[in-house]
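Taking it in order: structure first as structure tokens, then the write-up.
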Amino acid sequence: MSSIDFTHIKPYGDTFGDGAVQLSFTLPVPYGEEAKEAARLLAIKMGLDEVQIYHMKDLGEHYTFFILYGKVAHSIDYTKITVAKIETTRLDYYQINEKIKKEIKRKIVVVGACTGTDAHTVGIDAIMNMKGYNGEYGLERYPMIDAYNLGAQVKNEDLLAKAIEVEADAILVSQVVTQKGIHLTNLTELVELIEGSGLRKNMILICGGPRINHELSLELGYDAGFGSGTVARDVASYIVEEMINRNRN
Amino acid sequence: MSSIDFTHIKPYGDTFGDGAVQLSFTLPVPYGEEAKEAARLLAIKMGLDEVQIYHMKDLGEHYTFFILYGKVAHSIDYTKITVAKIETTRLDYYQINEKIKKEIKRKIVVVGACTGTDAHTVGIDAIMNMKGYNGEYGLERYPMIDAYNLGAQVKNEDLLAKAIEVEADAILVSQVVTQKGIHLTNLTELVELIEGSGLRKNMILICGGPRINHELSLELGYDAGFGSGTVARDVASYIVEEMINRNRN
Amino acid sequence: MGELQLNQSLINKARNAAEKIAEQVDAFIMPRSTVTIERTALRLMGIDGVNDEEIPYVNVLVDQLKENNMLQDGAVSWVCKAMITYGMTPQEVAEAANIDKINWEACRSLPNDETEQLGFQLAEAGLLKIKEQQQKRNQMLEKFGAGKKPYLYVIVATGNIYEDIVQAKAAVRQGADIIAVIRTTAQSLLDYVPYGATIEGFGGTYATQENFTIMRNALDNVGEEVKRYIRLCNYSSGLCMPEIAAMGALERLDVMLNDALYGILFRDINMQRTLIDQAFSRMIISYAGIMINTGEDNYLTTADAVEAAHTVLASQFINEQLAFKSGLPVNLMGLGHAFEINPDLEDGLLLEIAQAQMIRQIFPEAPLKYMPPTKYMTGNIFKGHIQDALFNLVGMLTNQGIQLLGMMTEAMHTPFMQDRQLSIENAKYIMNNSRHLSEEISFKSGGKVEKRANEVLEKATTTLEEIEEMGLFTAIEHGIFADMKRPFDGGKGLEGVFLKNEHYFNPFDELLKRDLGLGVERNE
Amino acid sequence: MGELQLNQSLINKARNAAEKIAEQVDAFIMPRSTVTIERTALRLMGIDGVNDEEIPYVNVLVDQLKENNMLQDGAVSWVCKAMITYGMTPQEVAEAANIDKINWEACRSLPNDETEQLGFQLAEAGLLKIKEQQQKRNQMLEKFGAGKKPYLYVIVATGNIYEDIVQAKAAVRQGADIIAVIRTTAQSLLDYVPYGATIEGFGGTYATQENFTIMRNALDNVGEEVKRYIRLCNYSSGLCMPEIAAMGALERLDVMLNDALYGILFRDINMQRTLIDQAFSRMIISYAGIMINTGEDNYLTTADAVEAAHTVLASQFINEQLAFKSGLPVNLMGLGHAFEINPDLEDGLLLEIAQAQMIRQIFPEAPLKYMPPTKYMTGNIFKGHIQDALFNLVGMLTNQGIQLLGMMTEAMHTPFMQDRQLSIENAKYIMNNSRHLSEEISFKSGGKVEKRANEVLEKATTTLEEIEEMGLFTAIEHGIFADMKRPFDGGKGLEGVFLKNEHYFNPFDELLKRDLGLGVERNE
Ligand code: B12
Ligand code: B12
Ligand SMILES: Cc1ncc(COP(=O)(O)O)c(C=O)c1O
Ligand SMILES: Cc1ncc(COP(=O)(O)O)c(C=O)c1O
């Protein structure tokens with residue numbers, strides 16, 4: 001414990017370096033000793049030693065559920081980890097409005113929606129609606145921001161059209177449903193649409209949702225991505241600083 | 001679903017072959033984006049795709065806990081699995097006594113204990129005491145079995161001495177505490193002791209406990225091993241059939 | 001549980017107001033029909049299948065009639081005319097129309113009484129199929145017994161009907177009483193019902209008649225094995241609400257999600273459309289002996305469960321009165337509510353108990369569908385599992401009829417096979433352990449729980465009286481429910497609403513009303 | 001919670017019987033001492049450390065005196081004589097004795113009053129250290145407050161004191177109020193206390209004075225940070241019960257597991273030895289203001305929780321009365337019981353509530369230590385987590401003083417770091433949600449819960465009266481508790497018991513009795 005070797009980080013249960021992990025899954029095989037052995041072999045393939053199958057349950061229809069613990073042999077070099085992060089300073093409501101006034105010298109325009117067939121409005125509302133989220137005002141409340149919340153189940157085309165209509169500085173897309181990668185399809189389609197329109201460089205393109213993170217967003221061609229727990233000031237801080245930066249360059 | 005390829009068995013969540021597994025562990029690194037990335041990398045090393053870190057929690061003292069799901073790439077050839085099993089027919093109380101009377105023609109003698117510093121008597125009592133377990137009588141109740149239960153925290157030496165004294169046909173050892181492999185040490189020591197005494201071949205050596213299974217027991221040099229949920233008739237069936245088999249050869 | 005002292009005069013007031021509201025709505029509904037109601041009638045006449053472009057024949061027909069401005073007469077009327085004119089079966093008419101082989105104008109001259117006679121004949125035959133299914137259900141229930149309440153209700157939602165079956169059967173073996181097949185995200189806004197067995201959906205599986213059949217068979221089979229009647233549930237909701245009700249009735253579904261307001265608020269379906277559709281779909285549901293599940297639980301996913309508790313109750317009163325107008329007996333009213341209070345709230349459990357018990361007492365004969373925590377579920381599956389445990393405890397304490405089991409993976413994905421097993425195990429453990437607890441305890445008179453219940457009741461009453469004053473439509477425009485504002489002429493599907501003309505003919509409507517003892521008002 | 005109507009005359013009868021039992025035991029104890037009591041006195045005089053063979057000097061001394069048949073006079077008496085004779089400190093005497101440099105015979109002639117004067121002096125100094133620790137605790141409690149009940153009690157048990165510290169500090173940050181360091185499996189049967197910081201134990205960590213210091217410091221430090229006083233717990237139990245009590249008192253432990261019967265039943269320690277040791281250890285504990293935790297919960301790990309419920313209550317009465325005999329105030333009596341009913345039992349929760357609430361009412365001022373499910377925990381961590389949730393709910397409902405948090409991994413290993421966090425989270429969630437529930441509900445008079453409580457009470461009373469009749473020793477021989485039969489002369493440690501002679505001198509015993517207001521009976 002005394003001095004940790006961060007180049008070889010392993011899970012920890014109660015003895016430093018023990019590699020303890022808990023695992024559960026279902027196998028499509030009938031309950032029995034062979035099933036248990038299959039679970040054990042799988043765990044070994046995953047790199048576990050001292051596999052203990054603590055629980056198994058017949059789910060019916062020849063499926064068996066397992067809960068097991070083991071000690072993982074793999075380790076991670078923590079010193080080599082770099083994560084793409086949004087680097088902007090997190091300002092508050094007042095600072096943000098102040099900064100827009102001083103440095104951008106006009107209201108900024110933001111359009112947001114939850115796109116595709118996704119009908120989850122709570123996330124985008126949390127960011128945009130007046131009342132906001134977790135005690136933080138939403139963008140609509142910012143005097144220096146013109147915020148248009150188109151709601152849910154908005155087509156990518158309609159979102160882009162609105163953005164063009166109001167000359168948006170930033171587009172905010174929310175995606176909550178992720179089954180079978182539907183969010184990836186939706187998000188990619190929007191990027192392609194905007195790029196096709198030739199307006200990509202004029203706009204800050206932001207996505208968000210519980211399964212979104214910044215890194216994924218960059219991969220998809222967005223400028224930034226926000227996950228669970230985001231509040232309006234996180235996004236607004238980013239937009240304002242990014243607009244100023246772009247203006248400079 | 002229709003026809004399963006048992007040579008490539010993978011975990012199942014809701015789409016056949018999806019490989020879905022749930023994993024949780026603690027890493028000895030401070031809470032943050034880097035920690036999350038470390039967890040993701042570890043999961044990838046374990047063979048997971050589409051890793052989703054659904055929960056992370058600062059445990060304090062620079063430790064972080066994770067719950068994640070992913071899709072494991074590994075698969076198992078279920079058709080190749082063979083498991084060492086106890087193959088004896090499971091008789092009931094009456095059948096067992098009957099069989100001893102007919103085929104062994106004398107009472108058989110069994111000595112049992114929970115050895116070493118292990119003080120868990122409930123398991124060995126479940127097998128040996130009159131009242132038994134789960135509605136099944138214990139060995140003491142069998143008219144054709146002389147059963148000596150020495151209780152817990154019995155030294156291997158004392159157990160062997162008692163076995164010699166009463167000319168035991170079988171020794172039953174229970175081990176419940178397994179921390180730092182203490183059960184392995186205890187069990188191995190007993191085997192060595194008995195082998196040293198030259199009596200190994202005269203005795204059926206059986207161990208049991210919640211973390212014991214037949215395979216492990218064979219490895220340790222026991223004749224059989226019994227895990228959770230065992231009742232007296234399981235053990236008695238085995239002892240009787242094994243004694244008859246040995247007599248034949 | 002010892003009863004809470006609720007203000008009975010407030011309950012009466014609230015129920016009265018809701019009745020007035022329902023009457024206003026009913027007056028609006030009466031002269032109107034919708035494309036999906038017409039398609040429903042055609043389906044019940046036996047028209048099925050899709051054309052080469054996957055468009056259901058019922059849509060082909062109704063669209064043609066609408067284009068030709070004939071729909072106001074009622075689709076059945078025209079199809080009967082065509083049948084007589086061409087000597088065709090309903091299905092043949094549909095297929096012929098699809099390739100423009102029906103000259104509708106040529107059918108116009110046919111006398112109404114002849115058409116209507118045929119119409120009634122076909123309608124009787126259609127409804128007979130539903131009655132037969134109902135009888136079959138009753139037989140099976142008699143054979144196996146109705147089961148202990150609360151019923152354990154779980155969902156399957158793989159997107160693939162064959163995968164759903166495996167999951168459903170496993171769930172039944174684990175102890176589930178009701179299997180609900182969740183619908184794919186995209187379906188509720190489709191103005192047609194997809195066709196055939198489907199294997200691709202997002203967050204759910206298409207509701208198609210074939211999928212209903214497949215699942216019904218699977219559940220009947222596994223039910224035989226486990227010696228229980230397994231109830232099947234789907235959604236009579238969205239733009240095809242009555243069509244799916246009819247499909248459900250024909251395929252012996254036992255429970256259907258059906259709410260007077262849900263589509264308006266959560267799918268932005270036009271309010272006129274939804275209110276008209278729900279009335280007709282509920283008649284079919286009533287006739288089929290299906291239990292409805294209303295969707296008040298959804299309010300608490302957007303609004304706060306403590307602040308908006310009274311809107312749930314208000315909506316339940318409205319759903320109840322509207323359901324009466326469609327002939328639904330109270331024992332088939334699975335009114336919905338939910339355990340959605342922020343888990344960090346001190347004494348949250350007291351508020352949950354207050355709400356659940358209050359509803360139990362206000363609707364003593366309704367089965368009540370109790371929904372689990374969803375909004376405050378997180379990626380912490382361990383914590384989630386105990387949130388669900390408290391939910392199960394409250395369900396048991398307050399004698400709910402249907403317990404929709406929460407899943408520890410609620411914040412992640414639709415349930416994996418093991419999630420459901422763990423969840424059923426959770427419910428059984430908690431319920432068995434607290435089996436007679438409700439008979440043992442009583443709540444302090446004038447205590448926190450009782451006070452809370454009366455506060456909610458009072459607010460609900462005020463709200464209902466306000467709605468009565470302004471009318472339900474205006475109330476929805478004002479965002480009274482779930483913090484959602486929906487305009488009278490906005491949303492999807494308004495184009496499918498039309499005023500019936502004086503010749504409008506829909507024998508199903510008439511027979512259902514007759515059979516359900518609802519005042520038949522027909523202009524002859 | 002509304003009080004249960006318990007039969008007060010039964011309670012009085014039971015308590016009376018227990019008092020009689022305690023008196024019988026006390027009469028047996030009075031003329032006797034044990035090797036560990038003698039070692040305790042030497043420790044409190046300041047003798048510490050081990051010799052080359054790792055044998056503690058106190059053992060060296062006591063063994064020598066025993067061999068020489070001098071122990072009956074009391075070890076303190078001889079050490080004082082040696083001190084005077086050789087002009088040594090107590091520690092020097094011990095070290096000299098270790099290399100056979102003390103000629104005990106040569107010391108014999110010293111007059112008793114001189115030795116005793118020195119003895120009292122040393123004893124006053126020894127006890128002062130304990131008082132100072134108590135004052136320090138009181139100061140810190142004043143500074144940070146005593147905290148909300150039930151206290152969240154968690155264990156650490158890595159086997160390595162340094163690893164334990166990390167786990168303990170993390171637990172404190174997560175919300176733990178009491179940290180118990182579990183002892184290695186082998187320790188309770190050692191007739192000496194190991195020495196120094198240790199890093200190797202099985203299922204627990206050695207209880208050594210150094211380990212106590214290390215953990216006490218760690219908790220004080222993290223406590224400063226989180227602004228709470230963190231209580232430390234260890235075991236005054238096994239063959240060195242009073243020595244460890246003394247160490248705990250010196251190192252400011254706040255809670256100690258200490259039971260009159262546990263060692264007899266669960267460690268097969270001789271009953272005479274344990275009963276004598278517990279009396280002396282409890283005086284130290286009382287003097288130090290430490291809370292004891294009794295071990296009745298253990299009964300239910302071997303016997304059935306429903307059938308043996310009354311033995312728990314009976315034992316609590318005995319523990320209470322014996323503790324009074326050692327001067328322990330009732331507010332330091334953490335009487336133990338446990339949530340160990342088979343989870344498959346219908347209405348099990350009702351029985352659990354009955355038991356917990358009954359105990360709450362019978363010992364209204366005792367803090368009560370409530371133990372979680374252990375026996376029926378399985379490898380199913382998800383189910384385990386909800387078993388613990390119900391346990392937490394009952395703890396809250398019945399106002400327990402200390403909630404020993406259950407771990408979902410109970411059936412597997414001593415807790416991992418995350419297990420503890422999840423478990424604390426569980427308790428906080430449940431307790432916060434049901435904070436005032438107990439004030440809201442009352443139980444049906446004459447209902448299942450009340451009946452069950454009175455049944456258990458009745459059986460316990462009968463049992464106590466039987467024990468009074470036959471004496472505690474015989475009762476244990478008959479296997480009345482935990483299905484365990486232990487012979488009067490069997491088990492471990494009997495050789496360490498001896499009869500004091502008329503010169504027996506133990507100034508700690510006398511001072512403690514004086515200070516605790518216990519009748520000092522000394523033969524002068
Ligand atoms: C509420 C809810 C609903 C409500 C939605 C009401 C409404 N008007 O939004 C109702 C009941 C209608 C609903 C319906 C469905 N739902 Co839903 N629903 C949820 C639930 C319970 C909570 C979601 C929520 O509101 N979270 C609270 C908000 C504040 O969090 P958030 O969305 O993560 O937003 C935050 C951040 O992500 C971020 N953020 C989000 N968007 C954006 C955008 C930008 C630009 C930025 C910067 C930040 C940002 O900031 C927000 C604030 O911090 C979740 C389960 C859960 N507990 O998560 C399921 C869940 C999301 N639903 C699910 C499903 C499948 C459905 C259905 C498709 C089911 C069905 N077949 O009918 C339907 C259909 C909806 C549709 N067509 O999309 C699944 C999704 C599975 C998946 N991963 O694909 C979930 C996970 C439940 C489950 N386990 O099955 N649902
Ligand atoms: C009851 C119990 C106790 C009781 C024991 C009372 C007694 N007289 O036995 C008490 C309270 C005294 C106790 C103490 C301790 N315990 Co303990 N205890 C348990 C508990 C809760 C249940 C065990 C039990 O009785 N199971 C029921 C029986 C019927 O099951 P079983 O033992 O598996 O036996 C069955 C089979 O395995 C098989 N079987 C068993 N033996 C044999 C032998 C043969 C020959 C055969 C054929 C079959 C067989 O048949 C039996 C019937 O089906 C477990 C946790 C749990 N839920 O499992 C912890 C547990 C076993 N204890 C544990 C520990 C660490 C301890 C202590 C060491 C803690 C401490 N430091 O003080 C102490 C010390 C004990 C010691 N010196 O060994 C750990 C062990 C961790 C590990 N894997 O190493 C556990 C897992 C708890 C935990 N999570 O920390 N314990
Ligand atoms: C009443 C009701 N209808 C329908 C649904 C499902 O949505 P959709 O009809 O959009 O598939 C729900 C949601 O759970 C509901 O509560
Ligand atoms: C009262 C009591 N003492 C001691 C212990 C621990 O055992 P040991 O003293 O053998 O370490 C326990 C068990 O939890 C107990 O309840």
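Naming works like this for the structure tokens: A, B, ... for the chains as they're shown, residue 1 at the start of each chain, ligands 1 onward in shown order.
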Select from chain A every residue with an atom at most 6 Å from any atom of chain D, then for each give the shortest pair of atoms and their distance in Å to one decimal, using only C-alpha atoms, rows by chain and rising number, as a Markdown table.
```
| residue | atom | partner | partner_atom | distance |
| --- | --- | --- | --- | --- |
| A:Gly13 | CA | D:Phe416 | CA | 4.6 |
| A:Asp14 | CA | D:Phe416 | CA | 5.2 |
| A:Tyr54 | CA | D:Gly379 | CA | 4.5 |
| A:His55 | CA | D:Gly379 | CA | 4.7 |
```
Inset, instruction - Give as an MDAnalysis selection string the residues surrounding ligand 2 up to a distance of 7 Å, considering only C-alpha atoms and all ligand atoms. - result: (chainID B and resid 112 117:124 126:127 133 172:179 206:211 225:231 235) or (chainID D and resid 182:186 202:204 266 298 301:302 374:378 409:415)
Exercise: region 94-105 of chain A partners within 7 Å, only C-alpha atoms, chain neighbours under 6 positions left out, as a PDB file with C-alpha atoms, in the first residue's frame:
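Wrote part.pdb, looks like this:
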```pdb
ATOM      1  CA  TYR A 142     -29.537  33.318 -19.933  1.00  0.00           C
ATOM      2  CA  PRO A 143     -30.150  36.901 -21.053  1.00  0.00           C
ATOM      3  CA  MET A 144     -27.253  36.722 -23.500  1.00  0.00           C
ATOM      4  CA  SER A 237     -18.935  27.797 -20.746  1.00  0.00           C
ATOM      5  CA  VAL A 240     -18.532  30.802 -25.287  1.00  0.00           C
TER       6      VAL A 240
END
```
Inset, instruction - Let me have all residues with an atom within 6 Å of ligand 3, counting only C-alpha atoms and all ligand atoms, laid out as a PyMOL selection string. - result: chain C and resi 183+188+235+237-238+257-259+262+294-295
Go ahead and write the residues just picked, all heavy atoms, as a tab-separated table (two decimals), in the first residue's frame.
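Result written to result.tsv:
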```tsv
chain	number	residue	atom	x	y	z
C	183	ARG	N	-43.03	-2.08	-27.12
C	183	ARG	CA	-43.01	-1.74	-28.53
C	183	ARG	C	-41.78	-0.96	-28.92
C	183	ARG	O	-41.26	-0.17	-28.15
C	183	ARG	CB	-44.22	-0.85	-28.81
C	183	ARG	CG	-45.19	-1.51	-29.73
C	183	ARG	CD	-46.52	-0.94	-29.63
C	183	ARG	NE	-46.56	0.50	-29.63
C	183	ARG	CZ	-47.70	1.15	-29.75
C	183	ARG	NH1	-48.84	0.50	-29.89
C	183	ARG	NH2	-47.72	2.45	-29.73
C	188	SER	N	-45.27	4.06	-32.28
C	188	SER	CA	-46.50	4.75	-31.89
C	188	SER	C	-46.86	5.89	-32.84
C	188	SER	O	-48.01	6.30	-32.91
C	188	SER	CB	-46.41	5.26	-30.46
C	188	SER	OG	-45.24	5.99	-30.28
C	235	TYR	N	-49.58	-2.74	-26.16
C	235	TYR	CA	-49.94	-1.34	-26.10
C	235	TYR	C	-51.06	-1.00	-27.06
C	235	TYR	O	-50.87	-1.06	-28.27
C	235	TYR	CB	-48.73	-0.49	-26.43
C	235	TYR	CG	-47.62	-0.62	-25.43
C	235	TYR	CD1	-46.86	-1.77	-25.34
C	235	TYR	CD2	-47.36	0.42	-24.54
C	235	TYR	CE1	-45.86	-1.89	-24.40
C	235	TYR	CE2	-46.36	0.31	-23.61
C	235	TYR	CZ	-45.61	-0.85	-23.54
C	235	TYR	OH	-44.61	-0.96	-22.63
C	237	SER	N	-52.21	2.04	-28.05
C	237	SER	CA	-51.68	3.37	-27.80
C	237	SER	C	-51.06	3.86	-29.09
C	237	SER	O	-50.77	3.08	-29.99
C	237	SER	CB	-50.64	3.22	-26.68
C	237	SER	OG	-50.01	4.41	-26.39
C	238	GLY	N	-50.87	5.16	-29.19
C	238	GLY	CA	-50.28	5.70	-30.42
C	238	GLY	C	-51.34	5.94	-31.47
C	238	GLY	O	-52.54	5.95	-31.18
C	257	LEU	N	-51.94	-1.52	-22.41
C	257	LEU	CA	-51.69	-0.15	-21.99
C	257	LEU	C	-52.61	0.73	-22.81
C	257	LEU	O	-52.63	0.65	-24.03
C	257	LEU	CB	-50.24	0.25	-22.29
C	257	LEU	CG	-49.13	-0.20	-21.36
C	257	LEU	CD1	-48.83	0.89	-20.35
C	257	LEU	CD2	-49.40	-1.51	-20.69
C	258	ASN	N	-53.39	1.53	-22.15
C	258	ASN	CA	-54.35	2.35	-22.86
C	258	ASN	C	-54.70	3.52	-21.96
C	258	ASN	O	-55.28	3.35	-20.90
C	258	ASN	CB	-55.60	1.51	-23.18
C	258	ASN	CG	-56.64	2.31	-23.93
C	258	ASN	OD1	-57.37	3.09	-23.34
C	258	ASN	ND2	-56.68	2.13	-25.24
C	259	ASP	N	-54.32	4.68	-22.43
C	259	ASP	CA	-54.50	5.87	-21.60
C	259	ASP	C	-55.11	6.97	-22.44
C	259	ASP	O	-54.78	7.14	-23.62
C	259	ASP	CB	-53.14	6.33	-21.07
C	259	ASP	CG	-53.29	7.39	-20.00
C	259	ASP	OD1	-53.64	8.54	-20.35
C	259	ASP	OD2	-53.04	7.08	-18.82
C	262	TYR	N	-51.95	9.77	-22.56
C	262	TYR	CA	-50.54	9.46	-22.73
C	262	TYR	C	-49.99	9.89	-24.09
C	262	TYR	O	-48.96	10.54	-24.19
C	262	TYR	CB	-50.29	7.97	-22.53
C	262	TYR	CG	-48.89	7.54	-22.89
C	262	TYR	CD1	-47.84	7.66	-21.98
C	262	TYR	CD2	-48.61	7.04	-24.16
C	262	TYR	CE1	-46.56	7.30	-22.33
C	262	TYR	CE2	-47.32	6.68	-24.52
C	262	TYR	CZ	-46.30	6.81	-23.61
C	262	TYR	OH	-45.03	6.46	-23.96
C	294	THR	N	-53.43	2.25	-17.37
C	294	THR	CA	-53.26	3.65	-17.75
C	294	THR	C	-51.83	4.09	-17.47
C	294	THR	O	-51.05	3.36	-16.86
C	294	THR	CB	-54.28	4.53	-17.02
C	294	THR	OG1	-54.03	4.41	-15.61
C	294	THR	CG2	-55.70	4.10	-17.34
C	295	GLY	N	-51.50	5.28	-17.90
C	295	GLY	CA	-50.08	5.65	-17.94
C	295	GLY	C	-49.69	6.81	-17.05
C	295	GLY	O	-48.73	7.52	-17.36
```
Inset, instruction - Using only C-alpha atoms, determine which residues of chain B fall within 9 Å of chain A; present them as a ChimeraX atom specification. - result: /B:4,6,9-13,16,19-29,33-35,37-39,41-43,45-48,52,54,63,72,74-78,81-83,85,211
Inset, instruction - Compare D:Leu313, D:Met70, D:Ile276, D:Leu518 by their minimum atom-to-atom distance to Met30 (chain D), counting only C-alpha atoms, and give me the closest one. - result: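 Checking each candidate against Met30 (chain D), we get D:Ile276 as the closest.
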Legend entry - Residue hits in chain C, query chain D, radius 10 Å, only C-alpha atoms, as a PyMOL selection string: chain C and resi 1-2+342-352+380-390+393+408+422-423+425-426+428-450
Selection above as a file: C-alpha atoms, as an mmCIF file, in the first residue's frame:
```
data_model
loop_
_atom_site.group_PDB
_atom_site.id
_atom_site.type_symbol
_atom_site.label_atom_id
_atom_site.label_comp_id
_atom_site.auth_asym_id
_atom_site.auth_seq_id
_atom_site.Cartn_x
_atom_site.Cartn_y
_atom_site.Cartn_z
ATOM 1 C CA MET C 1 -53.394 -1.985 6.078
ATOM 2 C CA GLY C 2 -55.326 0.139 8.458
ATOM 3 C CA ASN C 342 -36.294 11.048 -5.296
ATOM 4 C CA PRO C 343 -34.567 8.371 -3.226
ATOM 5 C CA ASP C 344 -32.561 11.007 -1.381
ATOM 6 C CA LEU C 345 -35.656 12.503 0.169
ATOM 7 C CA GLU C 346 -35.938 12.007 3.906
ATOM 8 C CA ASP C 347 -39.104 10.062 4.694
ATOM 9 C CA GLY C 348 -39.657 9.395 1.019
ATOM 10 C CA LEU C 349 -41.010 5.999 1.905
ATOM 11 C CA LEU C 350 -43.740 7.637 3.944
ATOM 12 C CA LEU C 351 -44.815 9.700 0.964
ATOM 13 C CA GLU C 352 -44.771 6.669 -1.304
ATOM 14 C CA ASN C 380 -25.485 1.445 -9.654
ATOM 15 C CA ILE C 381 -27.298 -1.851 -10.042
ATOM 16 C CA PHE C 382 -26.820 -2.751 -6.403
ATOM 17 C CA LYS C 383 -28.564 0.350 -5.178
ATOM 18 C CA GLY C 384 -31.159 -0.064 -7.889
ATOM 19 C CA HIS C 385 -31.993 -3.504 -6.637
ATOM 20 C CA ILE C 386 -32.832 -2.162 -3.190
ATOM 21 C CA GLN C 387 -34.837 0.720 -4.621
ATOM 22 C CA ASP C 388 -36.890 -1.977 -6.286
ATOM 23 C CA ALA C 389 -37.111 -3.858 -3.009
ATOM 24 C CA LEU C 390 -38.682 -0.881 -1.229
ATOM 25 C CA LEU C 393 -42.607 -3.661 -0.108
ATOM 26 C CA MET C 408 -31.724 -3.075 -11.570
ATOM 27 C CA LEU C 422 -33.293 -11.233 -10.190
ATOM 28 C CA SER C 423 -36.177 -8.866 -10.248
ATOM 29 C CA GLU C 425 -36.703 -13.091 -7.084
ATOM 30 C CA ASN C 426 -36.653 -9.679 -5.410
ATOM 31 C CA LYS C 428 -41.085 -12.858 -4.340
ATOM 32 C CA TYR C 429 -38.670 -12.502 -1.479
ATOM 33 C CA ILE C 430 -40.087 -9.199 -0.301
ATOM 34 C CA MET C 431 -43.706 -10.122 -0.810
ATOM 35 C CA ASN C 432 -43.494 -13.482 0.842
ATOM 36 C CA ASN C 433 -41.672 -11.998 3.794
ATOM 37 C CA SER C 434 -44.231 -9.277 4.283
ATOM 38 C CA ARG C 435 -47.286 -11.260 3.200
ATOM 39 C CA HIS C 436 -49.583 -10.195 6.053
ATOM 40 C CA LEU C 437 -47.777 -7.080 7.169
ATOM 41 C CA SER C 438 -50.486 -4.836 5.803
ATOM 42 C CA GLU C 439 -53.029 -6.495 8.090
ATOM 43 C CA GLU C 440 -50.800 -5.908 11.065
ATOM 44 C CA ILE C 441 -50.087 -2.236 10.955
ATOM 45 C CA SER C 442 -52.040 0.938 11.033
ATOM 46 C CA PHE C 443 -50.975 4.487 10.490
ATOM 47 C CA LYS C 444 -51.131 7.200 13.012
ATOM 48 C CA SER C 445 -54.286 9.166 12.699
ATOM 49 C CA GLY C 446 -53.325 12.670 11.695
ATOM 50 C CA GLY C 447 -49.772 11.546 11.109
ATOM 51 C CA LYS C 448 -47.427 12.399 8.271
ATOM 52 C CA VAL C 449 -48.760 9.699 5.982
ATOM 53 C CA GLU C 450 -52.395 10.523 6.411
#
```
Inset, instruction - Determine which residues of region 216-359 of chain D DSSP labels as helix (DSSP H, G or I) from the backbone of this structure, then write them out as a ChimeraX atom specification. - result: /D:216-226,238-250,262-266,271-288,296-302,309-325,330-332,348-359
Inset, instruction - Rounded to one decimal place, report the CA of Asp304 (chain D)-CA of Val154 (chain D) distance in Å. - result: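 Between these atoms lies a distance of 24.7 Å.
The spacing separating CA of Ala168 (chain B) from CA of Leu199 (chain B) amounts to 10.5 Å.
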Inset, instruction - Compile the contact shell of Gly126 (chain D) as an MDAnalysis selection string: residues with an atom at most 6 Å away, counting only C-alpha atoms, same-chain residues fewer than 3 positions apart removed. - result: chainID D and resid 44:45 123 129
Inset, instruction - Find the spatial neighbours of Asn138 (chain C), counting only C-alpha atoms, within a cut-off of 12 Å - ignore same-chain residues fewer than 5 positions away - and output them as a ChimeraX atom specification. - result: /C:131-133,143-146,229,231,252,254,288-290
Inset, instruction - May I have the residues within 12 Å of Met243 (chain B) as an NGL selection string, using only C-alpha atoms and disregarding those fewer than 4 positions away in the same chain? - result: :B and (88 or 99-100 or 103-106 or 108-109 or 168-170 or 201-205 or 223 or 236-239 or 247-249)
